$ cat upload05.cif   # mmCIF, C-alpha atoms
data_model
#
loop_
_atom_site.group_PDB
_atom_site.id
_atom_site.type_symbol
_atom_site.label_atom_id
_atom_site.label_comp_id
_atom_site.auth_asym_id
_atom_site.auth_seq_id
_atom_site.Cartn_x
_atom_site.Cartn_y
_atom_site.Cartn_z
ATOM 1 C CA MET A 14 -41.332 199.041 -59.694
ATOM 2 C CA LYS A 15 -40.375 199.379 -56.040
ATOM 3 C CA THR A 16 -39.439 196.874 -53.342
ATOM 4 C CA VAL A 17 -39.562 198.136 -49.767
ATOM 5 C CA ILE A 18 -37.630 196.559 -46.900
ATOM 6 C CA ILE A 19 -39.295 197.518 -43.639
ATOM 7 C CA ASP A 20 -37.094 199.066 -40.962
ATOM 8 C CA TYR A 21 -38.705 198.551 -37.579
ATOM 9 C CA GLY A 22 -35.535 198.259 -35.515
ATOM 10 C CA SER A 23 -35.363 194.455 -35.705
ATOM 11 C CA GLY A 24 -33.881 193.530 -39.047
ATOM 12 C CA ASN A 25 -30.591 192.642 -40.686
ATOM 13 C CA LEU A 26 -31.132 195.633 -42.937
ATOM 14 C CA ARG A 27 -27.774 196.217 -44.558
ATOM 15 C CA SER A 28 -27.375 192.612 -45.730
ATOM 16 C CA ALA A 29 -31.015 192.407 -46.792
ATOM 17 C CA GLU A 30 -30.766 195.629 -48.795
ATOM 18 C CA LYS A 31 -27.466 194.635 -50.424
ATOM 19 C CA SER A 32 -28.708 191.176 -51.420
ATOM 20 C CA THR A 33 -32.016 192.493 -52.713
ATOM 21 C CA ALA A 34 -30.271 195.170 -54.777
ATOM 22 C CA ARG A 35 -27.962 192.527 -56.222
ATOM 23 C CA ALA A 36 -30.884 190.204 -57.042
ATOM 24 C CA ALA A 37 -32.655 193.172 -58.673
ATOM 25 C CA GLU A 38 -29.829 193.829 -61.137
ATOM 26 C CA GLY A 39 -31.259 193.843 -64.640
ATOM 27 C CA LEU A 40 -34.769 194.497 -63.359
ATOM 28 C CA ASP A 41 -36.496 197.872 -63.372
ATOM 29 C CA MET A 42 -36.661 197.786 -59.579
ATOM 30 C CA GLU A 43 -35.929 200.382 -56.901
ATOM 31 C CA VAL A 44 -34.978 198.968 -53.478
ATOM 32 C CA LEU A 45 -35.926 201.176 -50.522
ATOM 33 C CA VAL A 46 -35.367 200.638 -46.788
ATOM 34 C CA THR A 47 -38.099 202.498 -44.936
ATOM 35 C CA SER A 48 -40.084 202.824 -41.728
ATOM 36 C CA LYS A 49 -42.845 204.876 -43.398
ATOM 37 C CA PRO A 50 -46.295 203.371 -44.053
ATOM 38 C CA GLU A 51 -46.748 205.689 -47.045
ATOM 39 C CA ASP A 52 -43.784 203.965 -48.746
ATOM 40 C CA VAL A 53 -45.383 200.579 -48.105
ATOM 41 C CA ILE A 54 -48.640 201.768 -49.690
ATOM 42 C CA THR A 55 -46.818 202.537 -52.958
ATOM 43 C CA ALA A 56 -44.678 199.355 -52.947
ATOM 44 C CA ASP A 57 -44.808 196.606 -55.573
ATOM 45 C CA ARG A 58 -42.967 194.114 -53.321
ATOM 46 C CA ILE A 59 -42.589 194.080 -49.528
ATOM 47 C CA ILE A 60 -39.825 192.429 -47.464
ATOM 48 C CA LEU A 61 -40.027 192.133 -43.670
ATOM 49 C CA PRO A 62 -36.717 191.027 -42.117
ATOM 50 C CA GLY A 63 -36.376 190.184 -38.450
ATOM 51 C CA VAL A 64 -33.718 189.321 -35.878
ATOM 52 C CA GLY A 65 -34.290 188.752 -32.164
ATOM 53 C CA ALA A 66 -37.208 187.730 -29.973
ATOM 54 C CA PHE A 67 -40.732 187.350 -31.377
ATOM 55 C CA ALA A 68 -42.326 189.738 -28.869
ATOM 56 C CA ASP A 69 -39.693 192.438 -29.395
ATOM 57 C CA CYS A 70 -40.104 192.259 -33.171
ATOM 58 C CA MET A 71 -43.911 192.304 -33.021
ATOM 59 C CA ASN A 72 -43.883 195.243 -30.616
ATOM 60 C CA GLY A 73 -41.385 197.093 -32.811
ATOM 61 C CA LEU A 74 -43.523 196.609 -35.901
ATOM 62 C CA CYS A 75 -46.711 197.740 -34.140
ATOM 63 C CA ALA A 76 -44.906 200.776 -32.713
ATOM 64 C CA LEU A 77 -44.628 202.241 -36.233
ATOM 65 C CA ASP A 78 -47.799 204.322 -36.466
ATOM 66 C CA GLY A 79 -49.947 203.098 -39.350
ATOM 67 C CA MET A 80 -47.551 200.359 -40.469
ATOM 68 C CA ARG A 81 -49.711 197.358 -39.614
ATOM 69 C CA ASP A 82 -52.724 198.925 -41.345
ATOM 70 C CA ALA A 83 -50.599 199.668 -44.423
ATOM 71 C CA LEU A 84 -49.301 196.090 -44.506
ATOM 72 C CA GLU A 85 -52.762 194.579 -44.183
ATOM 73 C CA GLU A 86 -54.130 196.821 -46.923
ATOM 74 C CA LYS A 87 -51.311 196.019 -49.323
ATOM 75 C CA VAL A 88 -50.738 192.348 -48.581
ATOM 76 C CA LEU A 89 -54.156 191.018 -47.560
ATOM 77 C CA LYS A 90 -56.453 193.296 -49.572
ATOM 78 C CA ASN A 91 -54.362 194.189 -52.623
ATOM 79 C CA GLY A 92 -52.344 190.967 -52.965
ATOM 80 C CA THR A 93 -48.913 192.623 -53.036
ATOM 81 C CA PRO A 94 -46.131 189.994 -52.941
ATOM 82 C CA PHE A 95 -44.673 189.729 -49.415
ATOM 83 C CA LEU A 96 -41.502 188.045 -48.125
ATOM 84 C CA GLY A 97 -40.830 187.547 -44.419
ATOM 85 C CA ILE A 98 -37.303 186.608 -43.327
ATOM 86 C CA CYS A 99 -36.440 184.752 -40.083
ATOM 87 C CA VAL A 100 -38.479 186.445 -37.316
ATOM 88 C CA GLY A 101 -40.193 188.420 -40.087
ATOM 89 C CA MET A 102 -41.489 185.043 -41.276
ATOM 90 C CA GLN A 103 -42.411 183.954 -37.747
ATOM 91 C CA LEU A 104 -44.569 187.059 -37.272
ATOM 92 C CA LEU A 105 -46.929 185.620 -39.910
ATOM 93 C CA ALA A 106 -48.126 183.118 -37.290
ATOM 94 C CA ASP A 107 -51.112 183.461 -34.972
ATOM 95 C CA LYS A 108 -48.868 183.593 -31.934
ATOM 96 C CA GLY A 109 -45.334 183.255 -30.618
ATOM 97 C CA LEU A 110 -44.534 181.373 -27.413
ATOM 98 C CA GLU A 111 -41.173 182.983 -26.669
ATOM 99 C CA HIS A 112 -41.164 184.582 -23.184
ATOM 100 C CA GLY A 113 -44.936 184.191 -22.827
ATOM 101 C CA ILE A 114 -47.618 184.367 -25.492
ATOM 102 C CA THR A 115 -47.537 187.174 -28.053
ATOM 103 C CA LYS A 116 -50.079 187.585 -30.844
ATOM 104 C CA GLY A 117 -48.649 187.585 -34.341
ATOM 105 C CA LEU A 118 -50.051 188.953 -37.577
ATOM 106 C CA GLY A 119 -52.195 185.836 -38.027
ATOM 107 C CA TRP A 120 -51.701 185.658 -41.800
ATOM 108 C CA ILE A 121 -50.736 181.959 -41.767
ATOM 109 C CA GLY A 122 -52.286 179.731 -39.104
ATOM 110 C CA GLY A 123 -49.851 178.297 -36.586
ATOM 111 C CA SER A 124 -47.595 179.066 -33.661
ATOM 112 C CA VAL A 125 -43.905 179.785 -33.127
ATOM 113 C CA GLU A 126 -42.502 177.327 -30.588
ATOM 114 C CA GLU A 127 -39.135 176.419 -29.114
ATOM 115 C CA ILE A 128 -37.018 173.947 -31.048
ATOM 116 C CA ARG A 129 -36.871 170.594 -29.239
ATOM 117 C CA ALA A 130 -33.890 168.802 -30.754
ATOM 118 C CA ALA A 131 -32.826 166.211 -28.190
ATOM 119 C CA GLU A 132 -29.068 165.945 -28.736
ATOM 120 C CA LEU A 133 -28.556 168.845 -31.128
ATOM 121 C CA LYS A 134 -27.490 172.339 -30.246
ATOM 122 C CA VAL A 135 -30.087 175.093 -29.921
ATOM 123 C CA PRO A 136 -29.996 177.689 -31.392
ATOM 124 C CA HIS A 137 -30.021 175.952 -34.752
ATOM 125 C CA MET A 138 -27.112 177.812 -36.297
ATOM 126 C CA GLY A 139 -25.373 177.196 -39.582
ATOM 127 C CA TRP A 140 -25.990 175.524 -42.926
ATOM 128 C CA ASN A 141 -28.661 172.896 -43.491
ATOM 129 C CA ASP A 142 -30.110 171.043 -46.494
ATOM 130 C CA LEU A 143 -33.503 172.074 -47.786
ATOM 131 C CA ILE A 144 -36.160 169.429 -48.381
ATOM 132 C CA ILE A 145 -38.541 170.892 -50.961
ATOM 133 C CA GLU A 146 -42.216 170.021 -50.601
ATOM 134 C CA GLN A 147 -43.802 172.249 -53.248
ATOM 135 C CA SER A 148 -41.309 172.424 -56.094
ATOM 136 C CA THR A 149 -43.767 174.150 -58.433
ATOM 137 C CA HIS A 150 -43.976 177.314 -56.339
ATOM 138 C CA PRO A 151 -42.543 180.188 -58.441
ATOM 139 C CA VAL A 152 -40.337 181.467 -55.600
ATOM 140 C CA LEU A 153 -38.619 178.046 -55.543
ATOM 141 C CA GLU A 154 -37.774 177.938 -59.251
ATOM 142 C CA GLY A 155 -34.252 176.572 -59.667
ATOM 143 C CA ILE A 156 -34.009 175.602 -55.973
ATOM 144 C CA LYS A 157 -33.923 171.904 -55.160
ATOM 145 C CA THR A 158 -33.787 169.438 -52.303
ATOM 146 C CA GLY A 159 -30.236 169.313 -50.940
ATOM 147 C CA ASP A 160 -29.460 172.982 -51.530
ATOM 148 C CA HIS A 161 -27.769 174.585 -48.509
ATOM 149 C CA VAL A 162 -29.168 177.623 -46.692
ATOM 150 C CA TYR A 163 -28.124 179.435 -43.513
ATOM 151 C CA PHE A 164 -30.105 179.420 -40.264
ATOM 152 C CA VAL A 165 -29.848 181.180 -36.899
ATOM 153 C CA HIS A 166 -32.873 180.538 -34.646
ATOM 154 C CA SER A 167 -34.104 178.893 -31.452
ATOM 155 C CA TYR A 168 -37.835 178.926 -32.277
ATOM 156 C CA HIS A 169 -39.660 177.557 -35.309
ATOM 157 C CA PHE A 170 -42.993 178.024 -37.056
ATOM 158 C CA LYS A 171 -45.414 175.099 -36.683
ATOM 159 C CA THR A 172 -48.146 175.603 -39.274
ATOM 160 C CA ASN A 173 -51.696 174.379 -38.670
ATOM 161 C CA ASP A 174 -52.016 173.222 -42.279
ATOM 162 C CA ASN A 175 -49.305 171.293 -44.129
ATOM 163 C CA LYS A 176 -50.285 172.973 -47.399
ATOM 164 C CA ASN A 177 -48.636 176.158 -46.039
ATOM 165 C CA SER A 178 -45.264 174.383 -45.759
ATOM 166 C CA LEU A 179 -43.207 174.839 -48.926
ATOM 167 C CA ALA A 180 -39.915 173.398 -47.646
ATOM 168 C CA HIS A 181 -38.393 172.105 -44.417
ATOM 169 C CA VAL A 182 -35.131 170.907 -42.921
ATOM 170 C CA ASP A 183 -34.414 168.011 -40.586
ATOM 171 C CA TYR A 184 -32.884 169.271 -37.346
ATOM 172 C CA GLY A 185 -33.770 166.772 -34.645
ATOM 173 C CA GLY A 186 -37.149 166.680 -36.353
ATOM 174 C CA TYR A 187 -39.226 168.663 -38.815
ATOM 175 C CA ILE A 188 -38.416 172.395 -39.002
ATOM 176 C CA ASN A 189 -40.272 174.615 -41.460
ATOM 177 C CA ALA A 190 -37.796 176.394 -43.724
ATOM 178 C CA ILE A 191 -40.255 178.098 -46.099
ATOM 179 C CA VAL A 192 -43.950 178.779 -45.541
ATOM 180 C CA GLY A 193 -46.461 180.460 -47.790
ATOM 181 C CA ARG A 194 -49.957 181.012 -49.070
ATOM 182 C CA ASP A 195 -51.380 183.121 -51.879
ATOM 183 C CA ASN A 196 -49.113 186.187 -52.276
ATOM 184 C CA ILE A 197 -47.251 185.577 -48.993
ATOM 185 C CA VAL A 198 -44.012 183.647 -48.486
ATOM 186 C CA GLY A 199 -41.599 183.448 -45.566
ATOM 187 C CA THR A 200 -38.186 181.871 -44.974
ATOM 188 C CA GLN A 201 -36.879 180.758 -41.596
ATOM 189 C CA PHE A 202 -33.348 180.848 -43.009
ATOM 190 C CA HIS A 203 -31.567 184.020 -44.077
ATOM 191 C CA PRO A 204 -31.540 184.221 -47.892
ATOM 192 C CA GLU A 205 -29.280 187.274 -47.646
ATOM 193 C CA LYS A 206 -26.639 185.006 -46.013
ATOM 194 C CA SER A 207 -27.312 181.924 -48.141
ATOM 195 C CA GLN A 208 -25.126 182.837 -51.117
ATOM 196 C CA ALA A 209 -26.308 181.688 -54.571
ATOM 197 C CA VAL A 210 -29.407 179.862 -53.312
ATOM 198 C CA GLY A 211 -30.513 182.878 -51.302
ATOM 199 C CA LEU A 212 -29.968 185.258 -54.192
ATOM 200 C CA ARG A 213 -31.951 182.942 -56.445
ATOM 201 C CA LEU A 214 -34.867 182.946 -54.016
ATOM 202 C CA ILE A 215 -34.837 186.747 -53.646
ATOM 203 C CA GLY A 216 -34.617 187.134 -57.421
ATOM 204 C CA ASN A 217 -37.556 184.762 -57.888
ATOM 205 C CA PHE A 218 -39.539 186.768 -55.338
ATOM 206 C CA LEU A 219 -38.826 190.057 -57.127
ATOM 207 C CA LYS A 220 -40.202 188.589 -60.374
ATOM 208 C CA TRP A 221 -43.134 186.772 -58.774
ATOM 209 C CA SER A 222 -46.631 187.794 -59.850
ATOM 210 C CA PRO A 223 -49.061 185.733 -57.738
#

$ encode --input "upload05.cif" --output "structure tokens"
Amino acid sequence: MKTVIIDYGSGNLRSAEKSTARAAEGLDMEVLVTSKPEDVITADRIILPGVGAFADCMNGLCALDGMRDALEEKVLKNGTPFLGICVGMQLLADKGLEHGITKGLGWIGGSVEEIRAAELKVPHMGWNDLIIEQSTHPVLEGIKTGDHVYFVHSYHFKTNDNKNSLAHVDYGGYINAIVGRDNIVGTQFHPEKSQAVGLRLIGNFLKWSP
């Protein structure tokens, strides 16, 4: 079994790789950081991290020749389990509204919009309590409302359909923390920085068979 973490110049790769390798202990799982579409094609799990602006991350991903086609073949056609982290999760949306309008992957309907939290600081940075909406999802096994996870972001994913929201946090209003559908899941927070809860989520993802 092989999990690939995609390197497209916009991810927190070292932490993501280290946490994934730790969560994979005891599993027959290779963890590979790669920018090659041919590695994605042979992957059993795919992780897309992301740090920075939506447009920069989308452009960086599309600049890897053949990568978007490989992702769509594996994730949309073959049903390979996929995890997006932070901006990697936001790229699942139809569009991002940061510095103009940028088309996203369009895998989960919605848009990425600026956080409007009247008297709270933006970016939303630090620990916040999860509010679980779909506790039966396999990736959320052992994770409960009130568990702390770590965020760093100024924009958030507003889904078109509430059924795609697996968990949220309250930060001056409703902020999606985990979205998903079918074989796709994404976290706005950084599981690789969220200690035991984050490791649990990554471990659940590595064992997930949608």

$ atom_distance --input "upload05.cif" --atom1 "CA of Tyr184 (chain A)" --atom2 "CA of Ile60 (chain A)"
26.2 Å

$ resolve_selection --input "upload05.cif" --expression "the PyMOL selection byres ((chain A and resi 115) around 12)" --output "PDB file with C-alpha atoms, in the coordinates of the input"
ATOM      1  CA  ALA A  66     -37.208 187.730 -29.973  1.00  0.00           C
ATOM      2  CA  PHE A  67     -40.732 187.350 -31.377  1.00  0.00           C
ATOM      3  CA  ALA A  68     -42.326 189.738 -28.869  1.00  0.00           C
ATOM      4  CA  ASP A  69     -39.693 192.438 -29.395  1.00  0.00           C
ATOM      5  CA  CYS A  70     -40.104 192.259 -33.171  1.00  0.00           C
ATOM      6  CA  MET A  71     -43.911 192.304 -33.021  1.00  0.00           C
ATOM      7  CA  ASN A  72     -43.883 195.243 -30.616  1.00  0.00           C
ATOM      8  CA  GLN A 103     -42.411 183.954 -37.747  1.00  0.00           C
ATOM      9  CA  LEU A 104     -44.569 187.059 -37.272  1.00  0.00           C
ATOM     10  CA  LEU A 105     -46.929 185.620 -39.910  1.00  0.00           C
ATOM     11  CA  ALA A 106     -48.126 183.118 -37.290  1.00  0.00           C
ATOM     12  CA  ASP A 107     -51.112 183.461 -34.972  1.00  0.00           C
ATOM     13  CA  LYS A 108     -48.868 183.593 -31.934  1.00  0.00           C
ATOM     14  CA  GLY A 109     -45.334 183.255 -30.618  1.00  0.00           C
ATOM     15  CA  LEU A 110     -44.534 181.373 -27.413  1.00  0.00           C
ATOM     16  CA  GLU A 111     -41.173 182.983 -26.669  1.00  0.00           C
ATOM     17  CA  HIS A 112     -41.164 184.582 -23.184  1.00  0.00           C
ATOM     18  CA  GLY A 113     -44.936 184.191 -22.827  1.00  0.00           C
ATOM     19  CA  ILE A 114     -47.618 184.367 -25.492  1.00  0.00           C
ATOM     20  CA  LYS A 116     -50.079 187.585 -30.844  1.00  0.00           C
ATOM     21  CA  GLY A 117     -48.649 187.585 -34.341  1.00  0.00           C
ATOM     22  CA  LEU A 118     -50.051 188.953 -37.577  1.00  0.00           C
ATOM     23  CA  GLY A 119     -52.195 185.836 -38.027  1.00  0.00           C
ATOM     24  CA  SER A 124     -47.595 179.066 -33.661  1.00  0.00           C
ATOM     25  CA  VAL A 125     -43.905 179.785 -33.127  1.00  0.00           C
ATOM     26  CA  GLU A 126     -42.502 177.327 -30.588  1.00  0.00           C
TER      27      GLU A 126
END

$ atom_distance --input "upload05.cif" --atom1 "CA of Ile215 (chain A)" --atom2 "CA of Gly65 (chain A)"
21.6 Å

$ closest_residue --input "upload05.cif" --among "A:Arg194, A:His181, A:Lys49, A:Lys220" --to "Val88 (chain A)" --atoms "only C-alpha atoms"
A:Arg194

$ resolve_selection --input "upload05.cif" --expression "the PyMOL selection byres ((chain A and resi 193) around 9)" --output "list of chain:residue names"
A:Ile121, A:Lys176, A:Asn177, A:Ser178, A:Leu179, A:Ile191, A:Val192, A:Arg194, A:Asp195, A:Asn196, A:Ile197, A:Val198, A:Gly199, A:Thr200

$ residues_around --input "upload05.cif" --residues "Thr93 (chain A)" --least-positions-apart "3" --cutoff "8 Å" --atoms "only C-alpha atoms" --output "PyMOL selection string"
chain A and resi 56-59+87-89+196

$ resolve_selection --input "upload05.cif" --expression "the PyMOL selection byres ((chain A and resi 35-44) around 12)" --output "PyMOL selection string"
chain A and resi 14-19+26-34+45-47+52-53+55-60+204-205+208-220

$ write_last_selection --input "upload05.cif" --atoms "C-alpha atoms" --output "PDB file, in the coordinates of the input"
ATOM      1  CA  MET A  14     -41.332 199.041 -59.694  1.00  0.00           C
ATOM      2  CA  LYS A  15     -40.375 199.379 -56.040  1.00  0.00           C
ATOM      3  CA  THR A  16     -39.439 196.874 -53.342  1.00  0.00           C
ATOM      4  CA  VAL A  17     -39.562 198.136 -49.767  1.00  0.00           C
ATOM      5  CA  ILE A  18     -37.630 196.559 -46.900  1.00  0.00           C
ATOM      6  CA  ILE A  19     -39.295 197.518 -43.639  1.00  0.00           C
ATOM      7  CA  LEU A  26     -31.132 195.633 -42.937  1.00  0.00           C
ATOM      8  CA  ARG A  27     -27.774 196.217 -44.558  1.00  0.00           C
ATOM      9  CA  SER A  28     -27.375 192.612 -45.730  1.00  0.00           C
ATOM     10  CA  ALA A  29     -31.015 192.407 -46.792  1.00  0.00           C
ATOM     11  CA  GLU A  30     -30.766 195.629 -48.795  1.00  0.00           C
ATOM     12  CA  LYS A  31     -27.466 194.635 -50.424  1.00  0.00           C
ATOM     13  CA  SER A  32     -28.708 191.176 -51.420  1.00  0.00           C
ATOM     14  CA  THR A  33     -32.016 192.493 -52.713  1.00  0.00           C
ATOM     15  CA  ALA A  34     -30.271 195.170 -54.777  1.00  0.00           C
ATOM     16  CA  LEU A  45     -35.926 201.176 -50.522  1.00  0.00           C
ATOM     17  CA  VAL A  46     -35.367 200.638 -46.788  1.00  0.00           C
ATOM     18  CA  THR A  47     -38.099 202.498 -44.936  1.00  0.00           C
ATOM     19  CA  ASP A  52     -43.784 203.965 -48.746  1.00  0.00           C
ATOM     20  CA  VAL A  53     -45.383 200.579 -48.105  1.00  0.00           C
ATOM     21  CA  THR A  55     -46.818 202.537 -52.958  1.00  0.00           C
ATOM     22  CA  ALA A  56     -44.678 199.355 -52.947  1.00  0.00           C
ATOM     23  CA  ASP A  57     -44.808 196.606 -55.573  1.00  0.00           C
ATOM     24  CA  ARG A  58     -42.967 194.114 -53.321  1.00  0.00           C
ATOM     25  CA  ILE A  59     -42.589 194.080 -49.528  1.00  0.00           C
ATOM     26  CA  ILE A  60     -39.825 192.429 -47.464  1.00  0.00           C
ATOM     27  CA  PRO A 204     -31.540 184.221 -47.892  1.00  0.00           C
ATOM     28  CA  GLU A 205     -29.280 187.274 -47.646  1.00  0.00           C
ATOM     29  CA  GLN A 208     -25.126 182.837 -51.117  1.00  0.00           C
ATOM     30  CA  ALA A 209     -26.308 181.688 -54.571  1.00  0.00           C
ATOM     31  CA  VAL A 210     -29.407 179.862 -53.312  1.00  0.00           C
ATOM     32  CA  GLY A 211     -30.513 182.878 -51.302  1.00  0.00           C
ATOM     33  CA  LEU A 212     -29.968 185.258 -54.192  1.00  0.00           C
ATOM     34  CA  ARG A 213     -31.951 182.942 -56.445  1.00  0.00           C
ATOM     35  CA  LEU A 214     -34.867 182.946 -54.016  1.00  0.00           C
ATOM     36  CA  ILE A 215     -34.837 186.747 -53.646  1.00  0.00           C
ATOM     37  CA  GLY A 216     -34.617 187.134 -57.421  1.00  0.00           C
ATOM     38  CA  ASN A 217     -37.556 184.762 -57.888  1.00  0.00           C
ATOM     39  CA  PHE A 218     -39.539 186.768 -55.338  1.00  0.00           C
ATOM     40  CA  LEU A 219     -38.826 190.057 -57.127  1.00  0.00           C
ATOM     41  CA  LYS A 220     -40.202 188.589 -60.374  1.00  0.00           C
TER      42      LYS A 220
END

$ residues_around --input "upload05.cif" --residues "Leu77 (chain A)" --least-positions-apart "3" --cutoff "8 Å" --atoms "all atoms listed in the file" --output "list of chain:residue names"
A:Tyr21, A:Ser48, A:Lys49, A:Gly73, A:Leu74, A:Met80, A:Arg81

$ residues_near_point --input "upload05.cif" --point "(-26.5, 176.7, -46.5)" --cutoff "10 Å" --atoms "only C-alpha atoms" --output "list in words"
Gly139, Trp140, Asn141, Asp142, Leu143, Gly159, Asp160, His161, Val162, Tyr163, Phe164, Phe202, His203, Pro204, Lys206, Ser207, Gln208, Ala209, Val210 and Gly211 of chain A

$ axis_aligned_box --input "upload05.cif" --around "region 162-171 of chain A" --padding-each-side "8 Å" --output "AutoDock Vina command-line options"
--center_x -36.8 --center_y 178.1 --center_z -39.1 --size_x 33.3 --size_y 22.1 --size_z 31.2

$ closest_residue --input "upload05.cif" --among "A:Gly185, A:Gly22, A:Gly97, A:Pro50" --to "His137 (chain A)" --atoms "only C-alpha atoms"
A:Gly185

$ atom_distance --input "upload05.cif" --atom1 "CA of Val135 (chain A)" --atom2 "CA of Tyr187 (chain A)"
14.3 Å
